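Peer 1: File follows, target_18.json with JSON, C-alpha atoms and all ligand atoms:
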[["chain", "number", "residue", "atom", "x", "y", "z"],
["E", 781, "MET", "CA", 79.22, 96.96, 41.44],
["E", 782, "LYS", "CA", 79.25, 97.18, 37.67],
["E", 783, "VAL", "CA", 76.99, 99.39, 35.58],
["E", 784, "SER", "CA", 76.93, 99.06, 31.79],
["E", 785, "VAL", "CA", 77.26, 102.26, 29.85],
["E", 786, "VAL", "CA", 75.68, 102.22, 26.39],
["E", 787, "THR", "CA", 77.12, 104.76, 23.96],
["E", 788, "VAL", "CA", 76.27, 105.68, 20.41],
["E", 789, "LEU", "CA", 79.79, 105.51, 18.98],
["E", 790, "ASP", "CA", 81.78, 103.40, 21.41],
["E", 791, "GLY", "CA", 79.46, 100.49, 22.04],
["E", 792, "VAL", "CA", 78.99, 99.23, 25.58],
["E", 793, "PHE", "CA", 81.49, 99.28, 28.40],
["E", 794, "ASP", "CA", 81.34, 98.66, 32.11],
["E", 795, "VAL", "CA", 82.11, 101.10, 34.82],
["E", 796, "VAL", "CA", 82.61, 100.09, 38.43],
["E", 797, "VAL", "CA", 80.58, 102.30, 40.76],
["E", 798, "ASP", "CA", 80.05, 102.60, 44.45],
["E", 799, "GLU", "CA", 76.59, 102.94, 45.95],
["E", 800, "THR", "CA", 77.59, 106.28, 47.40],
["E", 801, "ASP", "CA", 78.97, 107.66, 44.11],
["E", 802, "SER", "CA", 77.21, 110.70, 42.73],
["E", 803, "ILE", "CA", 76.36, 110.86, 39.03],
["E", 804, "GLN", "CA", 79.04, 113.52, 38.74],
["E", 805, "LYS", "CA", 81.52, 111.00, 40.15],
["E", 806, "ILE", "CA", 80.46, 108.37, 37.57],
["E", 807, "LYS", "CA", 80.96, 110.93, 34.82],
["E", 808, "GLU", "CA", 84.45, 111.57, 36.13],
["E", 809, "LYS", "CA", 85.18, 107.84, 36.16],
["E", 810, "ILE", "CA", 83.99, 107.53, 32.55],
["E", 811, "SER", "CA", 86.01, 110.59, 31.69],
["E", 812, "SER", "CA", 89.21, 109.21, 33.18],
["E", 813, "THR", "CA", 88.89, 105.84, 31.40],
["E", 814, "LYS", "CA", 87.41, 107.01, 28.10],
["E", 815, "GLY", "CA", 88.73, 110.55, 27.88],
["E", 816, "TYR", "CA", 85.46, 112.32, 27.17],
["E", 817, "PRO", "CA", 85.20, 115.69, 28.91],
["E", 818, "SER", "CA", 82.90, 114.89, 31.84],
["E", 819, "GLU", "CA", 80.94, 118.14, 31.48],
["E", 820, "LEU", "CA", 79.77, 117.06, 28.02],
["E", 821, "ILE", "CA", 78.38, 113.73, 29.18],
["E", 822, "THR", "CA", 74.65, 113.28, 29.69],
["E", 823, "LEU", "CA", 73.65, 110.06, 31.43],
["E", 824, "VAL", "CA", 70.15, 108.70, 30.96],
["E", 825, "LYS", "CA", 68.42, 105.86, 32.75],
["E", 826, "ASN", "CA", 64.87, 104.78, 31.90],
["E", 827, "GLY", "CA", 64.47, 107.91, 29.81],
["E", 828, "ILE", "CA", 65.39, 110.22, 32.67],
["E", 829, "VAL", "CA", 68.47, 112.38, 32.53],
["E", 830, "LEU", "CA", 70.46, 111.69, 35.69],
["E", 831, "LYS", "CA", 71.28, 114.82, 37.64],
["E", 832, "ASP", "CA", 74.87, 115.32, 38.78],
["E", 833, "GLN", "CA", 74.03, 115.52, 42.48],
["E", 834, "LYS", "CA", 72.05, 112.28, 42.47],
["E", 835, "VAL", "CA", 73.56, 109.32, 44.26],
["E", 836, "THR", "CA", 73.58, 105.93, 42.58],
["E", 837, "ASN", "CA", 72.26, 103.87, 45.48],
["E", 838, "ASP", "CA", 69.21, 102.78, 43.49],
["E", 839, "PHE", "CA", 71.38, 101.14, 40.85],
["E", 840, "LYS", "CA", 71.46, 97.38, 40.62],
["E", 841, "ASP", "CA", 74.56, 95.47, 39.63],
["E", 842, "GLY", "CA", 74.50, 95.05, 35.85],
["E", 843, "CYS", "CA", 71.90, 97.73, 35.20],
["E", 844, "HIS", "CA", 72.61, 99.94, 32.24],
["E", 845, "ILE", "CA", 72.65, 103.64, 31.60],
["E", 846, "ILE", "CA", 72.81, 105.41, 28.27],
["E", 847, "LEU", "CA", 75.53, 107.94, 27.61],
["E", 848, "LEU", "CA", 74.59, 110.76, 25.29],
["E", 849, "MET", "CA", 77.13, 113.17, 23.96],
["E", 850, "LYS", "CA", 76.98, 115.71, 21.20],
["E", 851, "ILE", "CA", 78.86, 114.52, 18.17],
["E", 852, "ASP", "CA", 80.53, 116.62, 15.51],
["E", 853, "PRO", "CA", 78.64, 115.92, 12.26],
["E", 854, "ASN", "CA", 81.75, 116.31, 10.11],
["E", 855, "THR", "CA", 84.33, 114.31, 11.99],
["E", 856, "LYS", "CA", 81.84, 111.90, 13.62],
["E", 857, "THR", "CA", 83.78, 112.26, 16.81],
["E", 858, "TYR", "CA", 82.69, 113.72, 20.10],
["E", 859, "MET", "CA", 82.69, 117.46, 19.99],
["E", 860, "THR", "CA", 85.48, 119.47, 21.46],
["E", 861, "LYS", "CA", 84.74, 121.80, 24.37],
["E", 862, "GLN", "CA", 84.85, 124.79, 22.02],
["E", 863, "VAL", "CA", 82.28, 123.35, 19.64],
["E", 864, "ALA", "CA", 80.04, 122.40, 22.54],
["E", 865, "ALA", "CA", 80.33, 125.88, 24.00],
["E", 866, "ALA", "CA", 79.42, 127.41, 20.65],
["E", 867, "GLN", "CA", 76.37, 125.17, 20.49],
["E", 868, "GLN", "CA", 75.26, 126.26, 23.93],
["E", 869, "GLN", "CA", 74.95, 129.74, 22.50],
["E", 870, "GLN", "CA", 72.23, 128.49, 20.23],
["E", 871, "SER", "CA", 68.77, 129.88, 20.45],
["E", 872, "LYS", "CA", 66.58, 129.53, 23.46],
["E", 873, "GLN", "CA", 63.25, 127.84, 23.33],
["E", 874, "SER", "CA", 61.35, 131.09, 23.19],
["E", 875, "ALA", "CA", 62.85, 131.85, 19.81],
["E", 876, "ASP", "CA", 61.76, 128.45, 18.54],
["E", 877, "ILE", "CA", 58.25, 129.08, 19.79],
["E", 878, "LEU", "CA", 58.25, 132.48, 18.12],
["E", 879, "ARG", "CA", 59.38, 130.89, 14.88],
["E", 880, "LEU", "CA", 56.69, 128.26, 15.24],
["E", 881, "GLN", "CA", 54.12, 130.96, 15.70],
["E", 882, "GLN", "CA", 55.37, 132.88, 12.67],
["E", 883, "GLN", "CA", 55.29, 129.69, 10.65],
["E", 884, "PHE", "CA", 51.76, 129.03, 11.71],
["E", 885, "GLN", "CA", 50.65, 132.57, 10.95],
["E", 886, "GLN", "CA", 52.19, 132.24, 7.51],
["E", 887, "TYR", "CA", 50.46, 128.94, 7.05],
["E", 888, "GLN", "CA", 47.15, 130.45, 8.15],
["E", 889, "GLN", "CA", 47.53, 133.32, 5.71],
["E", 890, "GLN", "CA", 48.18, 130.92, 2.87],
["E", 891, "HIS", "CA", 45.48, 128.52, 4.03],
["E", 892, "PRO", "CA", 42.64, 130.43, 5.68],
["E", 893, "PRO", "CA", 40.64, 128.50, 8.27],
["E", 894, "VAL", "CA", 38.09, 126.18, 6.72],
["E", 895, "ARG", "CA", 35.82, 125.74, 9.71],
["E", 896, "GLN", "CA", 32.64, 125.73, 7.62],
["E", 897, "GLN", "CA", 34.08, 123.22, 5.20],
["E", 898, "VAL", "CA", 34.80, 120.48, 7.69],
["E", 899, "GLN", "CA", 32.71, 118.12, 5.57],
["E", 900, "ALA", "CA", 34.47, 119.14, 2.39],
["E", 901, "PRO", "CA", 36.61, 116.54, 0.63],
["E", 902, "THR", "CA", 40.03, 116.36, 2.25],
["E", 903, "GLN", "CA", 41.92, 117.15, -0.94],
["E", 904, "GLN", "CA", 40.58, 120.70, -0.73],
["E", 905, "ARG", "CA", 42.47, 121.17, 2.46],
["E", 906, "ARG", "CA", 46.22, 120.88, 2.33],
["E", 907, "GLN", "CA", 47.51, 118.45, 4.90],
["E", 908, "LEU", "CA", 49.98, 119.86, 7.38],
["E", 909, "THR", "CA", 53.18, 117.83, 7.85],
["E", 910, "LEU", "CA", 56.33, 118.38, 9.86],
["E", 911, "ASN", "CA", 57.89, 119.72, 6.65],
["E", 912, "ASP", "CA", 55.73, 122.80, 7.16],
["E", 913, "ILE", "CA", 57.45, 123.47, 10.46],
["E", 914, "GLN", "CA", 60.80, 125.17, 10.63],
["E", 915, "PHE", "CA", 63.31, 123.32, 12.76],
["E", 916, "ASN", "CA", 66.59, 124.40, 14.24],
["E", 917, "GLU", "CA", 68.84, 122.36, 11.93],
["E", 918, "GLN", "CA", 71.51, 122.07, 14.62],
["E", 919, "SER", "CA", 69.07, 120.40, 17.00],
["E", 920, "VAL", "CA", 67.91, 117.96, 14.32],
["E", 921, "GLN", "CA", 71.53, 117.15, 13.50],
["E", 922, "ILE", "CA", 72.46, 116.50, 17.12],
["E", 923, "ILE", "CA", 69.72, 113.89, 17.41],
["E", 924, "MET", "CA", 70.56, 112.34, 14.04],
["E", 925, "ASP", "CA", 74.17, 112.08, 15.13],
["E", 926, "ALA", "CA", 73.03, 109.96, 18.04],
["E", 927, "GLY", "CA", 71.90, 107.45, 15.41],
["E", 928, "PHE", "CA", 68.24, 108.36, 14.97],
["E", 929, "SER", "CA", 66.45, 109.08, 11.70],
["E", 930, "ARG", "CA", 65.68, 112.61, 10.57],
["E", 931, "GLU", "CA", 61.94, 111.97, 10.80],
["E", 932, "ARG", "CA", 62.24, 110.68, 14.35],
["E", 933, "ALA", "CA", 64.42, 113.62, 15.33],
["E", 934, "LYS", "CA", 61.87, 116.08, 13.97],
["E", 935, "LYS", "CA", 58.94, 114.34, 15.60],
["E", 936, "ALA", "CA", 60.74, 114.23, 18.95],
["E", 937, "LEU", "CA", 61.71, 117.90, 18.76],
["E", 938, "PHE", "CA", 58.25, 118.97, 17.72],
["E", 939, "LEU", "CA", 56.67, 117.07, 20.62],
["E", 940, "SER", "CA", 59.26, 118.43, 23.07],
["E", 941, "ASP", "CA", 58.93, 122.19, 22.60],
["E", 942, "MET", "CA", 61.96, 122.06, 20.28],
["E", 943, "ASP", "CA", 64.20, 121.31, 23.25],
["E", 944, "THR", "CA", 66.99, 118.89, 22.29],
["E", 945, "GLU", "CA", 67.43, 117.25, 25.66],
["E", 946, "SER", "CA", 63.69, 116.68, 26.11],
["E", 947, "ALA", "CA", 63.60, 115.32, 22.57],
["E", 948, "PHE", "CA", 66.26, 112.75, 23.46],
["E", 949, "ASN", "CA", 64.22, 111.80, 26.49],
["E", 950, "TRP", "CA", 61.12, 111.46, 24.36],
["E", 951, "ILE", "CA", 62.95, 109.11, 22.01],
["E", 952, "ILE", "CA", 64.30, 107.03, 24.85],
["E", 953, "GLU", "CA", 60.92, 106.84, 26.55],
["E", 954, "ASN", "CA", 59.20, 105.81, 23.32],
["E", 955, "MET", "CA", 61.94, 103.58, 21.94],
["E", 956, "GLU", "CA", 59.84, 100.44, 22.56],
["E", 957, "ASP", "CA", 56.67, 101.91, 21.09],
["E", 958, "PRO", "CA", 56.02, 100.35, 17.67],
["E", 959, "ASN", "CA", 54.33, 103.63, 16.65],
["E", 960, "ILE", "CA", 57.36, 105.76, 17.44],
["E", 961, "ASP", "CA", 57.92, 106.62, 13.77],
["E", 962, "LEU", "CA", 54.27, 106.98, 12.85],
["E", 963, "SER", "CA", 53.81, 110.41, 11.24],
["E", 964, "LEU", "CA", 51.80, 112.94, 13.18],
["E", 965, "THR", "CA", 48.52, 113.73, 11.49],
["E", 966, "SER", "CA", 47.80, 117.16, 10.12],
["E", 967, "GLN", "CA", 45.29, 117.60, 12.92],
["E", 968, "GLN", "CA", 47.77, 116.66, 15.65],
["E", 969, "ILE", "CA", 50.33, 119.10, 14.28],
["E", 970, "GLU", "CA", 47.77, 121.86, 14.06],
["E", 971, "GLN", "CA", 46.59, 121.21, 17.62],
["E", 972, "ILE", "CA", 50.10, 121.51, 19.00],
["E", 973, "VAL", "CA", 50.85, 124.65, 17.02],
["E", 974, "VAL", "CA", 47.59, 126.21, 18.15],
["E", 975, "SER", "CA", 48.22, 125.34, 21.79],
["E", 976, "LYS", "CA", 51.71, 126.88, 21.52],
["E", 977, "GLN", "CA", 50.12, 129.95, 20.06],
["E", 978, "ARG", "CA", 47.64, 130.14, 22.93],
["E", 979, "GLU", "CA", 50.47, 129.70, 25.40],
["E", 980, "MET", "CA", 52.26, 132.63, 23.78],
["E", 981, "ALA", "CA", 49.12, 134.74, 23.96],
["E", 982, "ARG", "CA", 48.61, 133.79, 27.61],
["E", 983, "ASN", "CA", 52.19, 134.84, 28.33],
["E", 984, "GLN", "CA", 51.56, 138.16, 26.67],
["E", 985, "ASN", "CA", 48.49, 138.81, 28.80],
["E", 986, "GLN", "CA", 50.16, 137.77, 32.01],
["E", 987, "PRO", "CA", 51.30, 140.55, 34.29],
["E", 988, "VAL", "CA", 55.05, 141.08, 34.37],
["E", 989, "ASP", "CA", 56.62, 139.60, 37.51],
["E", 990, "PRO", "CA", 56.53, 142.28, 40.28],
["E", 991, "GLU", "CA", 60.22, 141.89, 41.12],
["E", 992, "VAL", "CA", 61.08, 142.30, 37.46],
["E", 993, "GLN", "CA", 58.86, 145.37, 37.32],
["E", 994, "GLN", "CA", 60.58, 146.79, 40.39],
["E", 995, "ALA", "CA", 63.98, 146.31, 38.75],
["E", 996, "ILE", "CA", 62.76, 148.12, 35.64],
["E", 997, "ASN", "CA", 61.34, 150.97, 37.75],
["E", 998, "HIS", "CA", 64.77, 151.39, 39.35],
["E", 999, "ASN", "CA", 66.67, 151.18, 36.06],
["E", 1000, "VAL", "CA", 68.25, 147.94, 37.19],
["E", 1001, "CYS", "CA", 68.83, 145.06, 34.77],
["E", 1002, "THR", "CA", 66.20, 142.37, 35.40],
["E", 1003, "TYR", "CA", 69.01, 139.79, 35.45],
["E", 1004, "CYS", "CA", 69.61, 141.02, 39.02],
["E", 1005, "VAL", "CA", 66.31, 139.42, 40.04],
["E", 1006, "THR", "CA", 65.92, 136.58, 37.56],
["E", 1007, "GLY", "CA", 69.45, 135.23, 37.30],
["E", 1008, "ASN", "CA", 69.40, 132.42, 34.76],
["E", 1009, "SER", "CA", 65.71, 131.60, 35.31],
["E", 1010, "PHE", "CA", 63.24, 132.41, 32.57],
["E", 1011, "VAL", "CA", 60.69, 134.92, 33.86],
["E", 1012, "ASN", "CA", 57.84, 136.50, 31.90],
["E", 1013, "GLN", "CA", 58.87, 140.00, 30.84],
["E", 1014, "LYS", "CA", 59.28, 142.37, 27.93],
["E", 1015, "TRP", "CA", 62.54, 142.19, 26.02],
["E", 1016, "PHE", "CA", 64.26, 143.27, 22.82],
["E", 1017, "MET", "CA", 66.76, 141.74, 20.44],
["E", 1018, "CYS", "CA", 69.74, 144.00, 19.61],
["E", 1019, "LYS", "CA", 71.11, 143.79, 16.09],
["E", 1020, "THR", "CA", 74.01, 146.10, 16.97],
["E", 1021, "CYS", "CA", 75.26, 143.72, 19.66],
["E", 1022, "GLY", "CA", 74.38, 140.50, 17.83],
["E", 1023, "LEU", "CA", 71.75, 139.59, 20.43],
["E", 1024, "SER", "CA", 69.31, 137.74, 18.19],
["E", 1025, "ASP", "CA", 67.86, 134.28, 17.68],
["E", 1026, "GLY", "CA", 66.37, 134.11, 21.17],
["E", 1027, "LYS", "CA", 68.94, 136.34, 22.80],
["E", 1028, "GLY", "CA", 68.18, 139.88, 23.81],
["E", 1029, "CYS", "CA", 68.13, 142.49, 26.52],
["E", 1030, "CYS", "CA", 65.63, 143.52, 29.17],
["E", 1031, "GLU", "CA", 63.68, 146.78, 29.17],
["E", 1032, "THR", "CA", 66.25, 148.49, 31.38],
["E", 1033, "CYS", "CA", 69.22, 147.43, 29.29],
["E", 1034, "ALA", "CA", 67.39, 148.52, 26.14],
["E", 1035, "LYS", "CA", 67.26, 152.03, 27.66],
["E", 1036, "ILE", "CA", 70.72, 152.10, 29.21],
["E", 1037, "CYS", "CA", 73.21, 149.61, 27.74],
["E", 1038, "HIS", "CA", 71.67, 149.52, 24.26],
["E", 1039, "ALA", "CA", 70.57, 153.14, 23.88],
["E", 1040, "GLY", "CA", 70.75, 154.13, 20.22],
["E", 1041, "HIS", "CA", 71.25, 150.52, 19.12],
["E", 1042, "GLU", "CA", 69.20, 148.78, 16.48],
["E", 1043, "LEU", "CA", 66.57, 147.04, 18.63],
["E", 1044, "SER", "CA", 63.75, 144.72, 17.59],
["E", 1045, "GLU", "CA", 60.15, 145.40, 18.49],
["E", 1046, "SER", "CA", 59.40, 144.39, 22.05],
["E", 1047, "LEU", "CA", 58.64, 140.73, 22.72],
["E", 1048, "GLN", "CA", 57.10, 139.30, 25.85],
["E", 1049, "THR", "CA", 57.98, 135.76, 26.81],
["E", 1050, "SER", "CA", 59.75, 133.88, 29.55],
["E", 1051, "PHE", "CA", 63.19, 135.36, 29.34],
["E", 1052, "PHE", "CA", 66.31, 136.40, 31.19],
["E", 1053, "CYS", "CA", 68.48, 139.29, 30.11],
["E", 1054, "ASP", "CA", 71.49, 138.22, 28.05],
["E", 1055, "CYS", "CA", 73.08, 141.64, 28.49],
["E", 1056, "GLY", "CA", 73.02, 141.19, 32.25],
["E", 1057, "ALA", "CA", 74.23, 137.62, 31.78],
["E", 1058, "GLY", "CA", 77.33, 138.99, 30.05],
["E", 1059, "GLN", "CA", 76.44, 138.03, 26.48],
["E", 1060, "GLY", "CA", 76.44, 141.58, 25.11],
["E", 1061, "LYS", "CA", 79.28, 143.14, 23.16],
["E", 1062, "SER", "CA", 80.20, 145.29, 26.14],
["E", 1063, "PRO", "CA", 79.61, 144.62, 29.85],
["E", 1064, "CYS", "CA", 76.15, 145.38, 31.20],
["E", 1065, "ARG", "CA", 75.94, 148.81, 32.83],
["E", 1066, "SER", "CA", 72.68, 148.25, 34.71],
["E", 1067, "LEU", "CA", 73.66, 145.47, 37.10],
["E", 1068, "ASN", "CA", 73.10, 147.82, 40.00],
["E", 1069, "HIS", "CA", 72.02, 145.36, 42.71],
["E", 1070, "SER", "CA", 72.30, 147.98, 45.46],
["E", 1071, "ALA", "CA", 69.57, 150.17, 43.97],
["E", 1072, "LEU", "CA", 67.19, 147.27, 44.56],
["E", 1073, "GLY", "CA", 68.57, 146.31, 47.96],
["E", 1074, "GLU", "CA", 68.06, 149.77, 49.42],
["E", 1075, "ASP", "CA", 64.53, 149.91, 48.23],
["E", 1076, "GLN", "CA", 63.70, 146.50, 49.67],
["E", 1077, "GLU", "CA", 65.17, 147.54, 53.01],
["E", 1078, "MET", "CA", 63.04, 150.66, 53.01],
["E", 1079, "GLN", "CA", 59.94, 148.60, 52.36],
["E", 1080, "GLY", "CA", 60.82, 146.01, 54.97],
["C", 1, "ZN", "ZN", 69.23, 143.62, 31.35],
["C", 2, "ZN", "ZN", 73.00, 146.55, 21.88],
["C", 3, "ZN", "ZN", 72.66, 145.64, 30.33]]
Kindly present the structure from the file in structure tokens form.
Ligand SMILES: [Zn+2]
Ligand SMILES: [Zn+2]
Ligand SMILES: [Zn+2]
Peer 2:
Amino acid sequence: MKVSVVTVLDGVFDVVVDETDSIQKIKEKISSTKGYPSELITLVKNGIVLKDQKVTNDFKDGCHIILLMKIDPNTKTYMTKQVAAAQQQQSKQSADILRLQQQFQQYQQQHPPVRQQVQAPTQQRRQLTLNDIQFNEQSVQIIMDAGFSRERAKKALFLSDMDTESAFNWIIENMEDPNIDLSLTSQQIEQIVVSKQREMARNQNQPVDPEVQQAINHNVCTYCVTGNSFVNQKWFMCKTCGLSDGKGCCETCAKICHAGHELSESLQTSFFCDCGAGQGKSPCRSLNHSALGEDQEMQG
């Protein structure tokens, strides 16, 4: 059967799919006819990003899916693998939330709470707009390059925890909504910022995951237990190794791999260790899985 693929730059084209094809397989078909690297393709249907393992048997003949790909802002062509890889290095959500919090603290310092003056004329209270929020310019640009306005990109990012893919989904889900471009009110913005701030505070008060704690007790990098999943823990940025902007190292790596380095103050958010994940300047020296294994055996 035929499925229409809607793209931002290349218009619409058909791709012939089989009911048993996986999404990965469709991406490969698109890749072989259109030449886009299949790993850079995101397929979206009804606002949902289609996962590679999914099978297409719920597709109807003639249904359409949207193809999203990151586009180079300068050349207006699809990004090369290298550019895409560089972009993947960009900050994690936690850094965006931290920035948001800093922004809000700054804002609060400049504009102390006016709880008692709720009845006061509005002009006494500066209205908060999305211009008061700091965005990751790369993320805004990616969405704009898909053909959406700057305002819509910012609104989508702000409502999606600054996550680009979720922001795309938000846009697609709300595409039909006549209010999609309606500005958020000062109150709405403040509410979201405050709830983010509470979430951060909650995170900070939450106990560190016991497995993570065990790894730290054994001087093992927490990456050994978290892998690429974000788990609440203490971590540090390392200026010496260029681990900043959301990247950093776990408590163990701070002691072992990054001893004597220029570390940030400790942060506590959902995190996995970038040193253990191989993002440091030199290979991680605390990926000692066996130290954990032995201990678990002794307990069990
Ligand atoms: Zn580590
Ligand atoms: Zn370091
Ligand atoms: Zn390390």
Peer 1: Please identify every polymer residue within 6 Å of ligand ZN 2 (chain C), using only C-alpha atoms and all ligand atoms, and present the set as an NGL selection string.
Peer 2: :E and (1018 or 1020-1021 or 1038 or 1041)
Peer 1: Check every protein, DNA and RNA residue against ligand ZN 3 (chain C), keep those with an atom at most 6 Å away (counting only C-alpha atoms and all ligand atoms), and present them as a PyMOL selection string.
Peer 2: chain E and resi 1001+1033+1037+1055-1056+1064-1066
Peer 1: Between CA of Val786 (chain E) and CA of Lys935 (chain E), what is the distance, to one decimal in Å?
Peer 2: 23.3 Å
Peer 1: Can you build me a table of chain E residues sitting at most 10 Å from ligand ZN 1 (chain C), with the closest atom pair per residue and its distance in Å to one decimal, using all atoms listed in the file, sorted by chain and residue number, as CSV?
Peer 2:
residue,atom,partner,partner_atom,distance
E:Ala995,CA,C:ZN1,ZN,9.5
E:Ile996,CA,C:ZN1,ZN,9.0
E:Asn999,CA,C:ZN1,ZN,9.3
E:Val1000,CA,C:ZN1,ZN,7.3
E:Cys1001,CA,C:ZN1,ZN,3.7
E:Thr1002,CA,C:ZN1,ZN,5.2
E:Tyr1003,CA,C:ZN1,ZN,5.6
E:Cys1004,CA,C:ZN1,ZN,8.1
E:Thr1006,CA,C:ZN1,ZN,10.0
E:Trp1015,CA,C:ZN1,ZN,8.7
E:Phe1016,CA,C:ZN1,ZN,9.9
E:Gly1028,CA,C:ZN1,ZN,8.5
E:Cys1029,CA,C:ZN1,ZN,5.1
E:Cys1030,CA,C:ZN1,ZN,4.2
E:Glu1031,CA,C:ZN1,ZN,6.7
E:Thr1032,CA,C:ZN1,ZN,5.7
E:Cys1033,CA,C:ZN1,ZN,4.3
E:Ala1034,CA,C:ZN1,ZN,7.4
E:Lys1035,CA,C:ZN1,ZN,9.4
E:Ile1036,CA,C:ZN1,ZN,8.9
E:Cys1037,CA,C:ZN1,ZN,8.0
E:His1038,CA,C:ZN1,ZN,9.5
E:Phe1052,CA,C:ZN1,ZN,7.8
E:Cys1053,CA,C:ZN1,ZN,4.6
E:Asp1054,CA,C:ZN1,ZN,6.7
E:Cys1055,CA,C:ZN1,ZN,5.2
E:Gly1056,CA,C:ZN1,ZN,4.6
E:Ala1057,CA,C:ZN1,ZN,7.8
E:Gly1058,CA,C:ZN1,ZN,9.4
E:Gly1060,CA,C:ZN1,ZN,9.8
E:Cys1064,CA,C:ZN1,ZN,7.1
E:Arg1065,CA,C:ZN1,ZN,8.6
E:Ser1066,CA,C:ZN1,ZN,6.7
E:Leu1067,CA,C:ZN1,ZN,7.5
Peer 1: Considering all atoms listed in the file, can you say which of E:Leu910, E:Ala981, E:Ile846, E:Met955 comes closest to Gln967 (chain E)?
Peer 2: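 Residue with the minimum atom-to-atom distance to Gln967 (chain E): E:Leu910.
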Peer 1: Just the number, please: distance in Å from CA of Val785 (chain E) to CA of His844 (chain E), one decimal.
Peer 2: 5.7 Å
Peer 1: Report as JSON the centre and the edge lengths, in Å to one decimal, of the axis-aligned box holding every listed atom of region 1054-1063 of chain E, padded by 4 Å on each side.
Peer 2:
{"center_x": 75.8, "center_y": 141.5, "center_z": 27.7, "size_x": 16.7, "size_y": 15.7, "size_z": 17.1}
Peer 1: Would you mind reading off the distance between CA of Asn959 (chain E) and CA of Leu830 (chain E), one decimal, in Å?
Peer 2: 26.2 Å
Peer 1: So that each row is one residue of region 972-997 of chain E with an atom at most 10 Å from region 937-945 of chain E, can you give its shortest atom pair and the distance in Å to one decimal, using all atoms listed in the file, rows by chain and rising number, as a tab-separated table?
Peer 2:
residue	atom	partner	partner_atom	distance
E:Ile972	CA	E:Leu939	CA	8.1
E:Val973	CA	E:Phe938	CA	9.4
E:Lys976	CA	E:Asp941	CA	8.7
Peer 1: Find the spatial neighbours of Thr836 (chain E), counting all atoms listed in the file, within a cut-off of 8 Å - ignore same-chain residues fewer than 2 positions away - and output them as a PyMOL selection string.
Peer 2: chain E and resi 798-803+834+838-839
Peer 1: From the options E:Lys825, E:His1069, E:His998, E:Lys1019, which residue's atoms come nearest to Ile952 (chain E), counting all atoms listed in the file?
Peer 2: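 Comparing E:Lys825, E:His1069, E:His998, E:Lys1019 against Ile952 (chain E), the winner is E:Lys825.
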Peer 1: Select region 1049-1061 of chain E in the preceding structure and write N, CA and C atoms to a file as a PDB file, in the first residue's frame.
Peer 2:
ATOM      1  N   THR E1049      20.240  16.545  40.095  1.00  0.00           N
ATOM      2  CA  THR E1049      19.102  16.422  39.184  1.00  0.00           C
ATOM      3  C   THR E1049      19.123  15.005  38.617  1.00  0.00           C
ATOM      4  N   SER E1050      18.166  14.734  37.754  1.00  0.00           N
ATOM      5  CA  SER E1050      18.202  13.480  37.011  1.00  0.00           C
ATOM      6  C   SER E1050      19.360  13.568  36.036  1.00  0.00           C
ATOM      7  N   PHE E1051      20.220  12.590  36.071  1.00  0.00           N
ATOM      8  CA  PHE E1051      21.506  12.740  35.396  1.00  0.00           C
ATOM      9  C   PHE E1051      22.102  11.371  35.138  1.00  0.00           C
ATOM     10  N   PHE E1052      22.910  11.250  34.070  1.00  0.00           N
ATOM     11  CA  PHE E1052      23.830  10.108  34.019  1.00  0.00           C
ATOM     12  C   PHE E1052      25.212  10.640  33.737  1.00  0.00           C
ATOM     13  N   CYS E1053      26.220   9.894  34.154  1.00  0.00           N
ATOM     14  CA  CYS E1053      27.588  10.407  34.148  1.00  0.00           C
ATOM     15  C   CYS E1053      28.148  10.432  32.726  1.00  0.00           C
ATOM     16  N   ASP E1054      28.545  11.615  32.266  1.00  0.00           N
ATOM     17  CA  ASP E1054      29.101  11.744  30.919  1.00  0.00           C
ATOM     18  C   ASP E1054      30.541  11.266  30.859  1.00  0.00           C
ATOM     19  N   CYS E1055      31.208  11.231  32.010  1.00  0.00           N
ATOM     20  CA  CYS E1055      32.570  10.680  32.048  1.00  0.00           C
ATOM     21  C   CYS E1055      32.475   9.184  31.766  1.00  0.00           C
ATOM     22  N   GLY E1056      31.589   8.516  32.515  1.00  0.00           N
ATOM     23  CA  GLY E1056      31.385   7.087  32.310  1.00  0.00           C
ATOM     24  C   GLY E1056      30.865   6.780  30.911  1.00  0.00           C
ATOM     25  N   ALA E1057      30.120   7.714  30.347  1.00  0.00           N
ATOM     26  CA  ALA E1057      29.561   7.512  29.006  1.00  0.00           C
ATOM     27  C   ALA E1057      30.595   7.806  27.921  1.00  0.00           C
ATOM     28  N   GLY E1058      31.813   8.142  28.342  1.00  0.00           N
ATOM     29  CA  GLY E1058      32.889   8.328  27.366  1.00  0.00           C
ATOM     30  C   GLY E1058      32.965   9.716  26.760  1.00  0.00           C
ATOM     31  N   GLN E1059      32.375  10.718  27.448  1.00  0.00           N
ATOM     32  CA  GLN E1059      32.378  12.069  26.905  1.00  0.00           C
ATOM     33  C   GLN E1059      33.506  12.928  27.496  1.00  0.00           C
ATOM     34  N   GLY E1060      34.258  12.358  28.440  1.00  0.00           N
ATOM     35  CA  GLY E1060      35.340  13.127  29.041  1.00  0.00           C
ATOM     36  C   GLY E1060      36.528  13.243  28.106  1.00  0.00           C
ATOM     37  N   LYS E1061      37.522  14.021  28.526  1.00  0.00           N
ATOM     38  CA  LYS E1061      38.709  14.203  27.685  1.00  0.00           C
ATOM     39  C   LYS E1061      39.526  12.924  27.640  1.00  0.00           C
TER      40      LYS E1061
END
